[in-house]
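> Enclosed is the structure file input00.cif (mmCIF, C-alpha atoms, pLDDT in the B column; chains and numbers go by the auth columns).
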data_input
loop_
_atom_site.group_PDB
_atom_site.id
_atom_site.type_symbol
_atom_site.label_atom_id
_atom_site.label_comp_id
_atom_site.label_asym_id
_atom_site.label_seq_id
_atom_site.Cartn_x
_atom_site.Cartn_y
_atom_site.Cartn_z
_atom_site.B_iso_or_equiv
_atom_site.auth_seq_id
_atom_site.auth_asym_id
ATOM 1 C CA MET A 1 109.603 96.355 108.963 97.00 1 A
ATOM 2 C CA LYS A 2 111.541 99.389 110.085 98.00 2 A
ATOM 3 C CA VAL A 3 113.210 101.875 107.753 98.00 3 A
ATOM 4 C CA LEU A 4 115.550 104.689 108.729 98.00 4 A
ATOM 5 C CA PHE A 5 115.553 107.385 106.074 96.00 5 A
ATOM 6 C CA ILE A 6 118.803 109.343 106.046 96.00 6 A
ATOM 7 C CA TYR A 7 118.930 112.664 104.210 94.00 7 A
ATOM 8 C CA PRO A 8 122.465 114.056 103.857 95.00 8 A
ATOM 9 C CA SER A 9 122.282 117.617 102.583 92.00 9 A
ATOM 10 C CA ASN A 10 123.824 121.046 102.796 90.00 10 A
ATOM 11 C CA ASP A 11 120.283 122.459 102.703 84.00 11 A
ATOM 12 C CA PRO A 12 118.310 122.700 105.974 77.00 12 A
ATOM 13 C CA SER A 13 114.923 122.304 104.260 80.00 13 A
ATOM 14 C CA TYR A 14 112.633 119.379 105.069 83.00 14 A
ATOM 15 C CA PRO A 15 112.999 116.481 102.567 84.00 15 A
ATOM 16 C CA LEU A 16 109.425 116.282 101.280 84.00 16 A
ATOM 17 C CA GLN A 17 110.060 113.120 99.254 84.00 17 A
ATOM 18 C CA LEU A 18 111.242 111.199 102.327 88.00 18 A
ATOM 19 C CA GLY A 19 108.432 112.644 104.424 87.00 19 A
ATOM 20 C CA ALA A 20 105.904 111.323 101.906 88.00 20 A
ATOM 21 C CA LEU A 21 107.527 107.874 101.870 90.00 21 A
ATOM 22 C CA SER A 22 107.693 107.822 105.654 91.00 22 A
ATOM 23 C CA SER A 23 104.018 108.689 105.962 91.00 23 A
ATOM 24 C CA TYR A 24 103.043 106.051 103.409 92.00 24 A
ATOM 25 C CA VAL A 25 104.924 103.185 105.067 93.00 25 A
ATOM 26 C CA LYS A 26 103.567 104.201 108.486 94.00 26 A
ATOM 27 C CA GLN A 27 99.993 104.173 107.141 93.00 27 A
ATOM 28 C CA ASN A 28 100.680 100.609 106.045 93.00 28 A
ATOM 29 C CA GLN A 29 101.778 99.229 109.427 95.00 29 A
ATOM 30 C CA HIS A 30 105.558 99.709 109.080 96.00 30 A
ATOM 31 C CA GLU A 31 107.814 101.970 111.112 97.00 31 A
ATOM 32 C CA SER A 32 110.005 104.759 109.837 96.00 32 A
ATOM 33 C CA MET A 33 112.293 107.418 111.170 96.00 33 A
ATOM 34 C CA LEU A 34 113.960 110.359 109.436 95.00 34 A
ATOM 35 C CA LEU A 35 117.531 111.412 110.133 95.00 35 A
ATOM 36 C CA PRO A 36 118.414 114.672 108.362 93.00 36 A
ATOM 37 C CA LEU A 37 122.163 115.305 108.292 94.00 37 A
ATOM 38 C CA LYS A 38 123.193 118.902 107.665 94.00 38 A
ATOM 39 C CA ILE A 39 126.613 118.676 106.021 95.00 39 A
ATOM 40 C CA ALA A 40 128.833 121.624 105.185 91.00 40 A
ATOM 41 C CA GLY A 41 131.454 120.122 102.867 90.00 41 A
ATOM 42 C CA THR A 42 132.579 116.809 104.335 94.00 42 A
ATOM 43 C CA LEU A 43 131.155 114.262 106.731 96.00 43 A
ATOM 44 C CA GLN A 44 132.334 114.850 110.277 96.00 44 A
ATOM 45 C CA PRO A 45 132.596 112.526 113.304 97.00 45 A
ATOM 46 C CA GLU A 46 129.363 113.982 114.732 97.00 46 A
ATOM 47 C CA HIS A 47 127.483 112.833 111.605 97.00 47 A
ATOM 48 C CA TYR A 48 128.651 109.266 112.141 98.00 48 A
ATOM 49 C CA GLN A 49 127.745 109.536 115.837 98.00 49 A
ATOM 50 C CA LYS A 50 124.190 110.588 114.911 98.00 50 A
ATOM 51 C CA ILE A 51 123.906 107.666 112.497 98.00 51 A
ATOM 52 C CA LYS A 52 125.244 105.204 115.084 98.00 52 A
ATOM 53 C CA ARG A 53 122.898 106.523 117.778 98.00 53 A
ATOM 54 C CA SER A 54 119.878 106.376 115.435 98.00 54 A
ATOM 55 C CA ILE A 55 120.634 102.805 114.332 98.00 55 A
ATOM 56 C CA LYS A 56 121.182 101.606 117.899 98.00 56 A
ATOM 57 C CA GLN A 57 117.956 103.232 119.151 98.00 57 A
ATOM 58 C CA PHE A 58 115.671 102.484 116.197 98.00 58 A
ATOM 59 C CA ARG A 59 117.181 99.162 115.019 98.00 59 A
ATOM 60 C CA PRO A 60 116.090 99.442 111.361 98.00 60 A
ATOM 61 C CA ASP A 61 115.814 96.603 108.864 98.00 61 A
ATOM 62 C CA TYR A 62 116.469 99.048 106.023 98.00 62 A
ATOM 63 C CA ILE A 63 118.273 102.348 105.513 98.00 63 A
ATOM 64 C CA GLY A 64 116.840 104.520 102.747 97.00 64 A
ATOM 65 C CA PHE A 65 118.450 107.456 100.961 96.00 65 A
ATOM 66 C CA SER A 66 117.069 109.961 98.492 92.00 66 A
ATOM 67 C CA CYS A 67 120.000 110.648 96.180 90.00 67 A
ATOM 68 C CA TYR A 68 120.880 113.629 94.095 90.00 68 A
ATOM 69 C CA GLU A 69 124.221 113.839 92.311 91.00 69 A
ATOM 70 C CA THR A 70 126.024 116.175 94.721 91.00 70 A
ATOM 71 C CA ALA A 71 124.942 114.080 97.727 93.00 71 A
ATOM 72 C CA PHE A 72 125.941 110.740 96.197 96.00 72 A
ATOM 73 C CA PRO A 73 129.526 110.900 97.558 96.00 73 A
ATOM 74 C CA TRP A 74 128.058 111.268 101.072 97.00 74 A
ATOM 75 C CA VAL A 75 125.612 108.417 100.447 97.00 75 A
ATOM 76 C CA LYS A 76 128.499 106.156 99.401 98.00 76 A
ATOM 77 C CA LYS A 77 130.516 106.977 102.536 98.00 77 A
ATOM 78 C CA ILE A 78 127.541 106.603 104.869 98.00 78 A
ATOM 79 C CA SER A 79 126.521 103.323 103.218 98.00 79 A
ATOM 80 C CA SER A 80 130.049 101.949 103.608 98.00 80 A
ATOM 81 C CA TYR A 81 130.032 102.940 107.278 98.00 81 A
ATOM 82 C CA ILE A 82 126.673 101.230 107.811 98.00 82 A
ATOM 83 C CA LYS A 83 127.739 98.022 106.055 98.00 83 A
ATOM 84 C CA LYS A 84 130.979 97.897 108.061 98.00 84 A
ATOM 85 C CA TYR A 85 129.188 97.850 111.421 98.00 85 A
ATOM 86 C CA TRP A 86 125.681 96.593 110.515 98.00 86 A
ATOM 87 C CA PRO A 87 126.106 94.365 107.438 98.00 87 A
ATOM 88 C CA LYS A 88 122.614 92.826 107.746 97.00 88 A
ATOM 89 C CA ILE A 89 120.833 96.148 107.271 98.00 89 A
ATOM 90 C CA LYS A 90 119.738 96.516 103.651 98.00 90 A
ATOM 91 C CA VAL A 91 120.593 99.859 102.039 98.00 91 A
ATOM 92 C CA ILE A 92 118.178 101.372 99.514 98.00 92 A
ATOM 93 C CA ALA A 93 119.026 104.346 97.298 98.00 93 A
ATOM 94 C CA GLY A 94 116.246 106.197 95.505 96.00 94 A
ATOM 95 C CA GLY A 95 115.561 109.696 94.273 93.00 95 A
ATOM 96 C CA TYR A 96 116.188 111.290 90.928 92.00 96 A
ATOM 97 C CA TYR A 97 119.891 110.432 90.744 96.00 97 A
ATOM 98 C CA ALA A 98 119.239 106.731 91.385 96.00 98 A
ATOM 99 C CA THR A 99 116.532 106.876 88.712 95.00 99 A
ATOM 100 C CA LEU A 100 118.790 108.558 86.149 96.00 100 A
ATOM 101 C CA ALA A 101 122.065 106.721 86.945 97.00 101 A
ATOM 102 C CA PRO A 102 120.984 103.346 88.366 98.00 102 A
ATOM 103 C CA GLU A 103 124.051 101.478 87.051 97.00 103 A
ATOM 104 C CA GLU A 104 126.410 103.815 88.904 97.00 104 A
ATOM 105 C CA VAL A 105 124.378 103.670 92.101 98.00 105 A
ATOM 106 C CA ILE A 106 123.891 99.869 92.198 98.00 106 A
ATOM 107 C CA SER A 107 127.581 99.315 91.382 97.00 107 A
ATOM 108 C CA ASN A 108 128.462 100.624 94.852 97.00 108 A
ATOM 109 C CA LYS A 109 129.127 97.534 96.964 97.00 109 A
ATOM 110 C CA SER A 110 127.354 99.027 99.998 98.00 110 A
ATOM 111 C CA ILE A 111 124.057 99.668 98.216 98.00 111 A
ATOM 112 C CA ASP A 112 121.725 96.647 98.051 98.00 112 A
ATOM 113 C CA ILE A 113 118.684 98.073 96.280 98.00 113 A
ATOM 114 C CA VAL A 114 118.033 100.935 93.870 98.00 114 A
ATOM 115 C CA CYS A 115 114.559 102.400 93.567 97.00 115 A
ATOM 116 C CA ARG A 116 113.884 103.968 90.176 97.00 116 A
ATOM 117 C CA GLY A 117 110.861 106.239 89.945 94.00 117 A
ATOM 118 C CA GLU A 118 108.312 106.540 92.725 92.00 118 A
ATOM 119 C CA GLY A 119 109.022 104.571 95.871 93.00 119 A
ATOM 120 C CA GLU A 120 105.697 104.229 97.689 93.00 120 A
ATOM 121 C CA PHE A 121 104.382 101.017 96.118 94.00 121 A
ATOM 122 C CA PRO A 122 107.729 99.236 95.649 96.00 122 A
ATOM 123 C CA LEU A 123 108.832 99.917 99.229 96.00 123 A
ATOM 124 C CA LEU A 124 105.537 98.653 100.606 96.00 124 A
ATOM 125 C CA GLU A 125 105.802 95.489 98.481 97.00 125 A
ATOM 126 C CA LEU A 126 109.381 94.955 99.645 98.00 126 A
ATOM 127 C CA PHE A 127 108.570 95.513 103.317 97.00 127 A
ATOM 128 C CA ASN A 128 105.535 93.203 103.118 96.00 128 A
ATOM 129 C CA ASP A 129 107.594 90.429 101.461 97.00 129 A
ATOM 130 C CA PRO A 130 111.368 91.008 101.900 96.00 130 A
ATOM 131 C CA LYS A 131 112.351 87.828 100.023 95.00 131 A
ATOM 132 C CA ARG A 132 110.488 88.864 96.881 96.00 132 A
ATOM 133 C CA THR A 133 112.688 90.128 94.051 96.00 133 A
ATOM 134 C CA ALA A 134 110.138 90.744 91.273 97.00 134 A
ATOM 135 C CA ILE A 135 109.109 94.260 92.338 98.00 135 A
ATOM 136 C CA ASP A 136 108.689 96.901 89.655 97.00 136 A
ATOM 137 C CA ASN A 137 110.912 99.992 90.149 97.00 137 A
ATOM 138 C CA LEU A 138 113.501 98.053 92.185 98.00 138 A
ATOM 139 C CA TRP A 139 116.923 96.801 91.162 98.00 139 A
ATOM 140 C CA ILE A 140 117.882 94.243 93.777 98.00 140 A
ATOM 141 C CA LYS A 141 121.255 92.599 94.349 98.00 141 A
ATOM 142 C CA LYS A 142 120.968 88.837 94.691 95.00 142 A
ATOM 143 C CA GLY A 143 124.357 87.219 95.180 90.00 143 A
ATOM 144 C CA ASN A 144 126.619 88.360 92.336 91.00 144 A
ATOM 145 C CA ARG A 145 123.834 89.532 90.057 96.00 145 A
ATOM 146 C CA VAL A 146 121.392 92.414 89.931 98.00 146 A
ATOM 147 C CA ILE A 147 117.723 91.816 89.255 98.00 147 A
ATOM 148 C CA LYS A 148 116.629 94.803 87.168 98.00 148 A
ATOM 149 C CA ASN A 149 112.868 95.132 87.357 98.00 149 A
ATOM 150 C CA PRO A 150 111.061 97.546 84.999 97.00 150 A
ATOM 151 C CA ILE A 151 109.624 100.897 86.036 95.00 151 A
ATOM 152 C CA ARG A 152 105.888 100.914 86.713 92.00 152 A
ATOM 153 C CA PRO A 153 103.535 103.707 85.597 86.00 153 A
ATOM 154 C CA LEU A 154 103.413 106.820 87.753 82.00 154 A
ATOM 155 C CA ILE A 155 100.893 107.006 90.586 78.00 155 A
ATOM 156 C CA GLU A 156 97.877 108.954 89.347 74.00 156 A
ATOM 157 C CA LYS A 157 95.803 109.223 92.539 67.00 157 A
#
Could you quickly redo this structure as structure tokens?

Amino acid sequence: MKVLFIYPSNDPSYPLQLGALSSYVKQNQHESMLLPLKIAGTLQPEHYQKIKRSIKQFRPDYIGFSCYETAFPWVKKISSYIKKYWPKIKVIAGGYYATLAPEEVISNKSIDIVCRGEGEFPLLELFNDPKRTAIDNLWIKKGNRVIKNPIRPLIEK
């Protein structure tokens, strides 16, 4: 599987959480790419151009976001844009905001999966078996319902 991690932020720092996820999925025979989007206020046409170019070049199966509350409006707009032009790509939202407000995040029609808690193991399970819906930490839309799996214990290694 291929996942494009998109990190919309007004902060130029490297998104460590997405870097860790990217490294983990790569170690387990999947492909990933990171697209940091530096945003000062509102999304601009050049942001959408970068997203379009990245999707066309990389051709991901999934788009993953790490959400925090001030970035969630950007995540919603970007997700809507992605679903408009690439409806088959599954959109995953994780991070602390998705963990703390999963109902709000999954209620967005453009978000297919919410990851609550740590994402390494659930993403690997999902990528290894995309039809599986019983994956701890993931809330997965299936038709008109949401499968709300429990949160697993934290990784201790």
> Could you list as a PyMOL selection string every residue that has an atom within 10 Å of (109.2, 110.4, 100.9), using the file's coordinates and counting only C-alpha atoms?
chain A and resi 5+15-25+34+64-66+94-95+118-120
> Any chance you could export the current selection's C-alpha atoms as a PDB file, in the coordinates of the input?

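part-v6.pdb, freshly written:
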ATOM      1  CA  PHE A   5     115.553 107.385 106.074  1.00 96.00           C
ATOM      2  CA  PRO A  15     112.999 116.481 102.567  1.00 84.00           C
ATOM      3  CA  LEU A  16     109.425 116.282 101.280  1.00 84.00           C
ATOM      4  CA  GLN A  17     110.060 113.120  99.254  1.00 84.00           C
ATOM      5  CA  LEU A  18     111.242 111.199 102.327  1.00 88.00           C
ATOM      6  CA  GLY A  19     108.432 112.644 104.424  1.00 87.00           C
ATOM      7  CA  ALA A  20     105.904 111.323 101.906  1.00 88.00           C
ATOM      8  CA  LEU A  21     107.527 107.874 101.870  1.00 90.00           C
ATOM      9  CA  SER A  22     107.693 107.822 105.654  1.00 91.00           C
ATOM     10  CA  SER A  23     104.018 108.689 105.962  1.00 91.00           C
ATOM     11  CA  TYR A  24     103.043 106.051 103.409  1.00 92.00           C
ATOM     12  CA  VAL A  25     104.924 103.185 105.067  1.00 93.00           C
ATOM     13  CA  LEU A  34     113.960 110.359 109.436  1.00 95.00           C
ATOM     14  CA  GLY A  64     116.840 104.520 102.747  1.00 97.00           C
ATOM     15  CA  PHE A  65     118.450 107.456 100.961  1.00 96.00           C
ATOM     16  CA  SER A  66     117.069 109.961  98.492  1.00 92.00           C
ATOM     17  CA  GLY A  94     116.246 106.197  95.505  1.00 96.00           C
ATOM     18  CA  GLY A  95     115.561 109.696  94.273  1.00 93.00           C
ATOM     19  CA  GLU A 118     108.312 106.540  92.725  1.00 92.00           C
ATOM     20  CA  GLY A 119     109.022 104.571  95.871  1.00 93.00           C
ATOM     21  CA  GLU A 120     105.697 104.229  97.689  1.00 93.00           C
TER      22      GLU A 120
END
> Expand the PyMOL selection byres ((chain A and resi 96-100) around 10) into the individual residues it matches in the shown file, reporting them as a list in words.
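On this input, the PyMOL selection byres ((chain A and resi 96-100) around 10) captures Phe65, Ser66, Cys67, Tyr68, Glu69, Thr70, Ala71, Phe72, Ile92, Ala93, Gly94, Gly95, Ala101, Pro102, Glu103, Glu104, Val105, Ile106, Ile113, Val114, Cys115, Arg116, Gly117, Glu118, Asn137, Leu138 and Ile151 of chain A.
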> Can you tell me how far CA of Val146 (chain A) sits from CA of Trp74 (chain A), in Å to one decimal?
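Value for the CA of Val146 (chain A)-CA of Trp74 (chain A) distance: 22.9 Å.
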> Work out how far CA of Lys52 (chain A) is from CA of Ile6 (chain A), in Å to one decimal.
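Between CA of Ile6 (chain A) and CA of Lys52 (chain A) the gap is 11.8 Å.
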> As an exercise, work out the distance from CA of Pro8 (chain A) to CA of Ile82 (chain A) in Å and give it to one decimal place.
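If I compute the distance from CA of Pro8 (chain A) to CA of Ile82 (chain A), I get 14.1 Å.
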